[in-house]
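K.L.:
Input file: run-v5.pdb. Contents: PDB, C-alpha atoms, pLDDT in the B column.
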```pdb
ATOM      1  CA  MET Q   1      71.888 -21.585 198.623  1.00 50.00           C
ATOM      2  CA  ASN Q   2      71.994 -19.012 201.388  1.00 72.00           C
ATOM      3  CA  SER Q   3      75.192 -18.676 203.306  1.00 84.00           C
ATOM      4  CA  LEU Q   4      75.005 -18.116 207.022  1.00 85.00           C
ATOM      5  CA  SER Q   5      76.299 -14.945 208.597  1.00 90.00           C
ATOM      6  CA  LEU Q   6      78.992 -15.005 211.255  1.00 91.00           C
ATOM      7  CA  SER Q   7      76.488 -14.307 214.038  1.00 91.00           C
ATOM      8  CA  GLU Q   8      74.213 -17.139 212.845  1.00 89.00           C
ATOM      9  CA  ILE Q   9      77.141 -19.568 212.832  1.00 92.00           C
ATOM     10  CA  GLN Q  10      78.081 -18.457 216.353  1.00 93.00           C
ATOM     11  CA  ILE Q  11      74.524 -19.054 217.568  1.00 90.00           C
ATOM     12  CA  LEU Q  12      74.454 -22.519 216.034  1.00 89.00           C
ATOM     13  CA  ASN Q  13      77.836 -23.376 217.591  1.00 91.00           C
ATOM     14  CA  GLN Q  14      76.679 -22.151 220.996  1.00 92.00           C
ATOM     15  CA  TYR Q  15      73.468 -24.146 220.669  1.00 90.00           C
ATOM     16  CA  ALA Q  16      75.421 -27.268 219.707  1.00 91.00           C
ATOM     17  CA  ILE Q  17      77.455 -27.256 222.917  1.00 93.00           C
ATOM     18  CA  LEU Q  18      74.418 -26.897 225.200  1.00 92.00           C
ATOM     19  CA  PRO Q  19      73.285 -29.972 227.133  1.00 94.00           C
ATOM     20  CA  PRO Q  20      69.828 -31.394 226.162  1.00 93.00           C
ATOM     21  CA  ASP Q  21      68.046 -29.821 229.128  1.00 95.00           C
ATOM     22  CA  SER Q  22      69.405 -26.369 228.289  1.00 93.00           C
ATOM     23  CA  ARG Q  23      68.384 -26.845 224.644  1.00 93.00           C
ATOM     24  CA  ARG Q  24      64.805 -27.583 225.735  1.00 94.00           C
ATOM     25  CA  GLN Q  25      64.774 -24.501 227.946  1.00 95.00           C
ATOM     26  CA  LEU Q  26      66.128 -22.349 225.120  1.00 92.00           C
ATOM     27  CA  GLN Q  27      63.555 -23.728 222.682  1.00 90.00           C
ATOM     28  CA  SER Q  28      60.797 -23.073 225.195  1.00 90.00           C
ATOM     29  CA  TYR Q  29      61.977 -19.510 225.711  1.00 93.00           C
ATOM     30  CA  LEU Q  30      62.240 -18.898 221.964  1.00 89.00           C
ATOM     31  CA  SER Q  31      58.679 -20.206 221.530  1.00 85.00           C
ATOM     32  CA  TYR Q  32      57.515 -17.824 224.249  1.00 87.00           C
ATOM     33  CA  LEU Q  33      59.230 -14.897 222.498  1.00 89.00           C
ATOM     34  CA  VAL Q  34      57.629 -15.807 219.164  1.00 86.00           C
ATOM     35  CA  VAL Q  35      54.171 -15.910 220.785  1.00 83.00           C
ATOM     36  CA  GLN Q  36      54.732 -12.512 222.408  1.00 85.00           C
ATOM     37  CA  GLN Q  37      55.999 -11.041 219.138  1.00 86.00           C
ATOM     38  CA  CYS Q  38      53.043 -12.494 217.272  1.00 84.00           C
ATOM     39  CA  ARG Q  39      50.515 -11.045 219.712  1.00 81.00           C
ATOM     40  CA  TYR Q  40      52.186  -7.658 219.698  1.00 85.00           C
ATOM     41  CA  GLU Q  41      52.296  -7.501 215.896  1.00 86.00           C
ATOM     42  CA  LEU Q  42      48.687  -8.603 215.560  1.00 84.00           C
ATOM     43  CA  TYR Q  43      47.470  -5.997 218.072  1.00 81.00           C
ATOM     44  CA  SER Q  44      49.538  -3.335 216.348  1.00 83.00           C
ATOM     45  CA  GLN Q  45      48.249  -4.269 212.909  1.00 85.00           C
ATOM     46  CA  LEU Q  46      44.643  -4.221 214.087  1.00 82.00           C
ATOM     47  CA  ILE Q  47      44.953  -0.988 216.025  1.00 80.00           C
ATOM     48  CA  ASN Q  48      46.971   0.838 213.368  1.00 83.00           C
ATOM     49  CA  ASN Q  49      44.988  -0.457 210.385  1.00 85.00           C
ATOM     50  CA  PRO Q  50      43.569   2.515 208.426  1.00 88.00           C
ATOM     51  CA  TRP Q  51      40.672   0.439 207.026  1.00 89.00           C
ATOM     52  CA  PHE Q  52      39.743  -0.687 210.526  1.00 88.00           C
ATOM     53  CA  PHE Q  53      39.876   2.899 211.788  1.00 90.00           C
ATOM     54  CA  ASN Q  54      37.939   4.355 208.837  1.00 91.00           C
ATOM     55  CA  ASN Q  55      35.147   1.791 209.169  1.00 90.00           C
ATOM     56  CA  LEU Q  56      34.977   2.177 212.940  1.00 90.00           C
ATOM     57  CA  GLN Q  57      34.924   5.950 212.593  1.00 92.00           C
ATOM     58  CA  SER Q  58      32.198   5.818 209.925  1.00 91.00           C
ATOM     59  CA  LEU Q  59      30.177   3.597 212.269  1.00 91.00           C
ATOM     60  CA  TYR Q  60      30.730   6.118 215.057  1.00 92.00           C
ATOM     61  CA  LEU Q  61      29.706   9.046 212.843  1.00 91.00           C
ATOM     62  CA  LEU Q  62      26.666   7.274 211.407  1.00 88.00           C
ATOM     63  CA  SER Q  63      23.541   9.287 212.064  1.00 85.00           C
ATOM     64  CA  GLU Q  64      21.108   7.434 214.273  1.00 78.00           C
ATOM     65  CA  SER Q  65      18.230   9.497 212.924  1.00 80.00           C
ATOM     66  CA  THR Q  66      18.109   7.458 209.730  1.00 75.00           C
ATOM     67  CA  ASP Q  67      15.573   4.668 209.365  1.00 78.00           C
ATOM     68  CA  SER Q  68      18.256   2.153 208.453  1.00 88.00           C
ATOM     69  CA  TYR Q  69      20.641   2.902 211.332  1.00 90.00           C
ATOM     70  CA  CYS Q  70      20.548  -0.631 212.745  1.00 90.00           C
ATOM     71  CA  ALA Q  71      20.871  -2.293 209.328  1.00 91.00           C
ATOM     72  CA  GLU Q  72      23.741   0.000 208.355  1.00 92.00           C
ATOM     73  CA  SER Q  73      25.439  -0.634 211.715  1.00 93.00           C
ATOM     74  CA  MET Q  74      25.229  -4.387 211.169  1.00 93.00           C
ATOM     75  CA  GLU Q  75      26.737  -4.032 207.671  1.00 93.00           C
ATOM     76  CA  ARG Q  76      29.632  -1.935 208.962  1.00 93.00           C
ATOM     77  CA  VAL Q  77      30.269  -4.398 211.783  1.00 94.00           C
ATOM     78  CA  ARG Q  78      30.479  -7.158 209.159  1.00 94.00           C
ATOM     79  CA  ARG Q  79      33.019  -5.095 207.210  1.00 92.00           C
ATOM     80  CA  ILE Q  80      35.133  -4.494 210.310  1.00 92.00           C
ATOM     81  CA  LYS Q  81      35.053  -8.208 211.142  1.00 92.00           C
ATOM     82  CA  ASN Q  82      36.205  -9.016 207.613  1.00 92.00           C
ATOM     83  CA  ILE Q  83      39.124  -6.609 208.011  1.00 89.00           C
ATOM     84  CA  CYS Q  84      40.066  -8.272 211.318  1.00 88.00           C
ATOM     85  CA  LEU Q  85      39.828 -11.726 209.763  1.00 87.00           C
ATOM     86  CA  GLY Q  86      42.028 -10.600 206.864  1.00 88.00           C
ATOM     87  CA  VAL Q  87      44.700  -9.404 209.271  1.00 87.00           C
ATOM     88  CA  TYR Q  88      44.309 -12.667 211.212  1.00 84.00           C
ATOM     89  CA  GLU Q  89      44.799 -14.759 208.061  1.00 86.00           C
ATOM     90  CA  HIS Q  90      47.950 -12.821 207.186  1.00 86.00           C
ATOM     91  CA  PHE Q  91      49.431 -13.506 210.615  1.00 81.00           C
ATOM     92  CA  TYR Q  92      48.279 -17.100 210.586  1.00 82.00           C
ATOM     93  CA  ASP Q  93      50.155 -17.666 207.330  1.00 85.00           C
ATOM     94  CA  LYS Q  94      53.236 -15.885 208.647  1.00 83.00           C
ATOM     95  CA  TYR Q  95      53.422 -17.618 212.023  1.00 82.00           C
ATOM     96  CA  ALA Q  96      51.889 -21.046 211.263  1.00 80.00           C
ATOM     97  CA  PRO Q  97      55.256 -22.760 210.744  1.00 81.00           C
ATOM     98  CA  LEU Q  98      56.570 -21.346 214.032  1.00 80.00           C
ATOM     99  CA  LEU Q  99      53.693 -21.943 216.444  1.00 77.00           C
ATOM    100  CA  GLU Q 100      52.577 -25.200 217.977  1.00 73.00           C
ATOM    101  CA  ASN Q 101      49.304 -23.784 219.266  1.00 70.00           C
ATOM    102  CA  PHE Q 102      47.167 -21.240 217.439  1.00 68.00           C
ATOM    103  CA  GLU Q 103      45.126 -20.244 220.484  1.00 70.00           C
ATOM    104  CA  VAL Q 104      47.508 -17.286 220.682  1.00 66.00           C
ATOM    105  CA  PHE Q 105      45.418 -15.611 217.984  1.00 65.00           C
ATOM    106  CA  ASP Q 106      42.092 -16.336 219.671  1.00 66.00           C
ATOM    107  CA  GLY Q 107      42.779 -14.107 222.651  1.00 68.00           C
ATOM    108  CA  VAL Q 108      43.942 -11.291 220.422  1.00 67.00           C
ATOM    109  CA  LEU Q 109      40.732 -11.064 218.430  1.00 78.00           C
ATOM    110  CA  GLU Q 110      38.398 -11.791 221.343  1.00 82.00           C
ATOM    111  CA  GLY Q 111      38.420  -8.226 222.641  1.00 79.00           C
ATOM    112  CA  VAL Q 112      37.690  -6.717 219.249  1.00 84.00           C
ATOM    113  CA  PHE Q 113      35.040  -9.301 218.356  1.00 88.00           C
ATOM    114  CA  LEU Q 114      33.362  -8.976 221.744  1.00 90.00           C
ATOM    115  CA  GLY Q 115      32.723  -5.269 221.173  1.00 90.00           C
ATOM    116  CA  LEU Q 116      31.633  -5.868 217.580  1.00 92.00           C
ATOM    117  CA  ASN Q 117      29.276  -8.655 218.640  1.00 94.00           C
ATOM    118  CA  HIS Q 118      27.659  -6.387 221.231  1.00 94.00           C
ATOM    119  CA  ILE Q 119      27.049  -3.755 218.559  1.00 93.00           C
ATOM    120  CA  TYR Q 120      25.727  -6.350 216.116  1.00 94.00           C
ATOM    121  CA  GLU Q 121      23.337  -7.925 218.634  1.00 94.00           C
ATOM    122  CA  ALA Q 122      21.966  -4.567 219.735  1.00 92.00           C
ATOM    123  CA  ALA Q 123      21.423  -3.565 216.094  1.00 92.00           C
ATOM    124  CA  ARG Q 124      19.907  -6.943 215.215  1.00 92.00           C
ATOM    125  CA  ASN Q 125      17.403  -6.508 218.050  1.00 92.00           C
ATOM    126  CA  GLY Q 126      16.554  -3.026 216.742  1.00 89.00           C
ATOM    127  CA  ASN Q 127      17.652  -1.344 219.964  1.00 89.00           C
ATOM    128  CA  LEU Q 128      18.810   2.030 218.636  1.00 90.00           C
ATOM    129  CA  GLU Q 129      19.954   3.444 221.970  1.00 91.00           C
ATOM    130  CA  ARG Q 130      21.943   0.387 223.022  1.00 93.00           C
ATOM    131  CA  THR Q 131      23.522   0.120 219.561  1.00 92.00           C
ATOM    132  CA  ARG Q 132      24.694   3.716 219.798  1.00 92.00           C
ATOM    133  CA  LEU Q 133      26.076   3.191 223.311  1.00 93.00           C
ATOM    134  CA  GLU Q 134      27.996   0.090 222.210  1.00 93.00           C
ATOM    135  CA  VAL Q 135      29.451   1.962 219.216  1.00 93.00           C
ATOM    136  CA  ILE Q 136      30.525   4.847 221.435  1.00 93.00           C
ATOM    137  CA  GLU Q 137      32.123   2.481 223.943  1.00 93.00           C
ATOM    138  CA  MET Q 138      34.068   0.640 221.242  1.00 91.00           C
ATOM    139  CA  PHE Q 139      35.228   3.879 219.617  1.00 92.00           C
ATOM    140  CA  GLU Q 140      36.313   5.342 222.964  1.00 91.00           C
ATOM    141  CA  THR Q 141      38.235   2.153 223.760  1.00 86.00           C
ATOM    142  CA  TYR Q 142      39.939   2.351 220.386  1.00 86.00           C
ATOM    143  CA  LYS Q 143      40.858   6.007 220.955  1.00 86.00           C
ATOM    144  CA  SER Q 144      42.303   5.233 224.381  1.00 84.00           C
ATOM    145  CA  LEU Q 145      44.491   2.503 222.871  1.00 77.00           C
ATOM    146  CA  THR Q 146      45.863   4.752 220.161  1.00 79.00           C
ATOM    147  CA  GLN Q 147      46.473   7.962 222.125  1.00 77.00           C
ATOM    148  CA  GLY Q 148      49.284   8.973 224.398  1.00 56.00           C
ATOM    149  CA  ASP Q 149      52.962   8.318 224.750  1.00 45.00           C
ATOM    150  CA  ASN Q 150      52.492   4.798 226.137  1.00 48.00           C
ATOM    151  CA  ARG Q 151      50.711   3.510 223.049  1.00 45.00           C
ATOM    152  CA  GLY Q 152      52.932   0.430 222.730  1.00 48.00           C
ATOM    153  CA  ASN Q 153      52.374  -0.516 226.368  1.00 48.00           C
ATOM    154  CA  LYS Q 154      48.609  -0.088 226.062  1.00 45.00           C
ATOM    155  CA  ILE Q 155      48.494  -2.240 222.956  1.00 47.00           C
ATOM    156  CA  ARG Q 156      50.342  -5.041 224.707  1.00 47.00           C
ATOM    157  CA  ALA Q 157      48.034  -4.778 227.722  1.00 45.00           C
ATOM    158  CA  MET Q 158      44.822  -4.724 225.677  1.00 42.00           C
TER     159      MET Q 158
END
```
As structure tokens, please, write out the structure in this file.

P.N.:
Amino acid sequence: MNSLSLSEIQILNQYAILPPDSRRQLQSYLSYLVVQQCRYELYSQLINNPWFFNNLQSLYLLSESTDSYCAESMERVRRIKNICLGVYEHFYDKYAPLLENFEVFDGVLEGVFLGLNHIYEAARNGNLERTRLEVIEMFETYKSLTQGDNRGNKIRAM
């Protein structure tokens, strides 16, 4: 059995002497902090994921002069979505016991999936020019999130 550290015992003792209303407020605040931590970690893992970057970069560098540009773009978008879903599943498993509401994850992936869906739809419709523009926009957005000294702030504000 795990023994508690001195600081953990102090926290439990302090919690025990709080009135019920203060306990509810503390629990609410702790839930808020867990949600913020979860969002931050998920953004960071998506943005700093080498597989995500490599697939996005290969999509960006894909030559549009090939006959199968749209089909290849759709395949790469599927791969990127699978990477995002893998990261999502990891965080879901990690945070499931701590969160009451899993909508926290929905907002995190919406921005990434929105850009990927635009690329996929343009490629599915065979619109070469629009597909290329959507890929460029997504890659430029990714670059802006990962560059500069304020990277952590940009990730949180995504």

K.L.:
Please measure the separation of CA of Leu61 (chain Q) and CA of Gln45 (chain Q), giving the value in Å to one decimal.

P.N.:
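Taking CA of Leu61 (chain Q) and CA of Gln45 (chain Q), their separation equals 22.8 Å.
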
K.L.:
My list of candidates is Q:Leu6, Q:Asp93, Q:Asn82, Q:Glu100. Which is closest to Tyr32 (chain Q) when distances are computed with only C-alpha atoms?

P.N.:
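The closest residue to Tyr32 (chain Q) is Q:Glu100.
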
K.L.:
Closest to Ser44 (chain Q) among Q:Leu114, Q:Ala71, Q:Leu109, Q:Val135, using all atoms listed in the file?

P.N.:
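Between Q:Leu114, Q:Ala71, Q:Leu109, Q:Val135, the residue approaching Ser44 (chain Q) most closely is Q:Leu109.
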
K.L.:
Check which residues satisfy the PyMOL selection byres ((chain Q and resi 88) around 10) in the file shown, then give them as a PyMOL selection string.

P.N.:
chain Q and resi 42+45-46+82-87+89-94+105-106+108-109

K.L.:
Would you save the residues from that selection as a PDB file, in the coordinates of the input, using C-alpha atoms?

P.N.:
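Okay, this is what ended up in selection_22.pdb:
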```pdb
ATOM      1  CA  LEU Q  42      48.687  -8.603 215.560  1.00 84.00           C
ATOM      2  CA  GLN Q  45      48.249  -4.269 212.909  1.00 85.00           C
ATOM      3  CA  LEU Q  46      44.643  -4.221 214.087  1.00 82.00           C
ATOM      4  CA  ASN Q  82      36.205  -9.016 207.613  1.00 92.00           C
ATOM      5  CA  ILE Q  83      39.124  -6.609 208.011  1.00 89.00           C
ATOM      6  CA  CYS Q  84      40.066  -8.272 211.318  1.00 88.00           C
ATOM      7  CA  LEU Q  85      39.828 -11.726 209.763  1.00 87.00           C
ATOM      8  CA  GLY Q  86      42.028 -10.600 206.864  1.00 88.00           C
ATOM      9  CA  VAL Q  87      44.700  -9.404 209.271  1.00 87.00           C
ATOM     10  CA  GLU Q  89      44.799 -14.759 208.061  1.00 86.00           C
ATOM     11  CA  HIS Q  90      47.950 -12.821 207.186  1.00 86.00           C
ATOM     12  CA  PHE Q  91      49.431 -13.506 210.615  1.00 81.00           C
ATOM     13  CA  TYR Q  92      48.279 -17.100 210.586  1.00 82.00           C
ATOM     14  CA  ASP Q  93      50.155 -17.666 207.330  1.00 85.00           C
ATOM     15  CA  LYS Q  94      53.236 -15.885 208.647  1.00 83.00           C
ATOM     16  CA  PHE Q 105      45.418 -15.611 217.984  1.00 65.00           C
ATOM     17  CA  ASP Q 106      42.092 -16.336 219.671  1.00 66.00           C
ATOM     18  CA  VAL Q 108      43.942 -11.291 220.422  1.00 67.00           C
ATOM     19  CA  LEU Q 109      40.732 -11.064 218.430  1.00 78.00           C
TER      20      LEU Q 109
END
```

K.L.:
Which value, in Å to one decimal, gives the distance between CA of Tyr120 (chain Q) and CA of Asn48 (chain Q)?

P.N.:
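Spanning CA of Tyr120 (chain Q) to CA of Asn48 (chain Q) is a straight-line distance of 22.6 Å.
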
K.L.:
Between Q:Ala96, Q:Ile80, Q:Met74, Q:Leu18, which has the minimum distance to Glu121 (chain Q) (counting only C-alpha atoms)?

P.N.:
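Smallest separation from Glu121 (chain Q) among the options: Q:Met74.
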
K.L.:
Mind checking which residues fall within 12 Å of Ile119 (chain Q), counting only C-alpha atoms, ignoring those fewer than 6 positions away in the same chain, and posting them as a PyMOL selection string?

P.N.:
chain Q and resi 56+59-60+69-78+80-81+112-113+125-139

K.L.:
Which is closest to Tyr142 (chain Q) among Q:Phe53, Q:Tyr15, Q:Tyr40, Q:Tyr29, if we use only C-alpha atoms?

P.N.:
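Counting only C-alpha atoms, the residue closest to Tyr142 (chain Q) is Q:Phe53.
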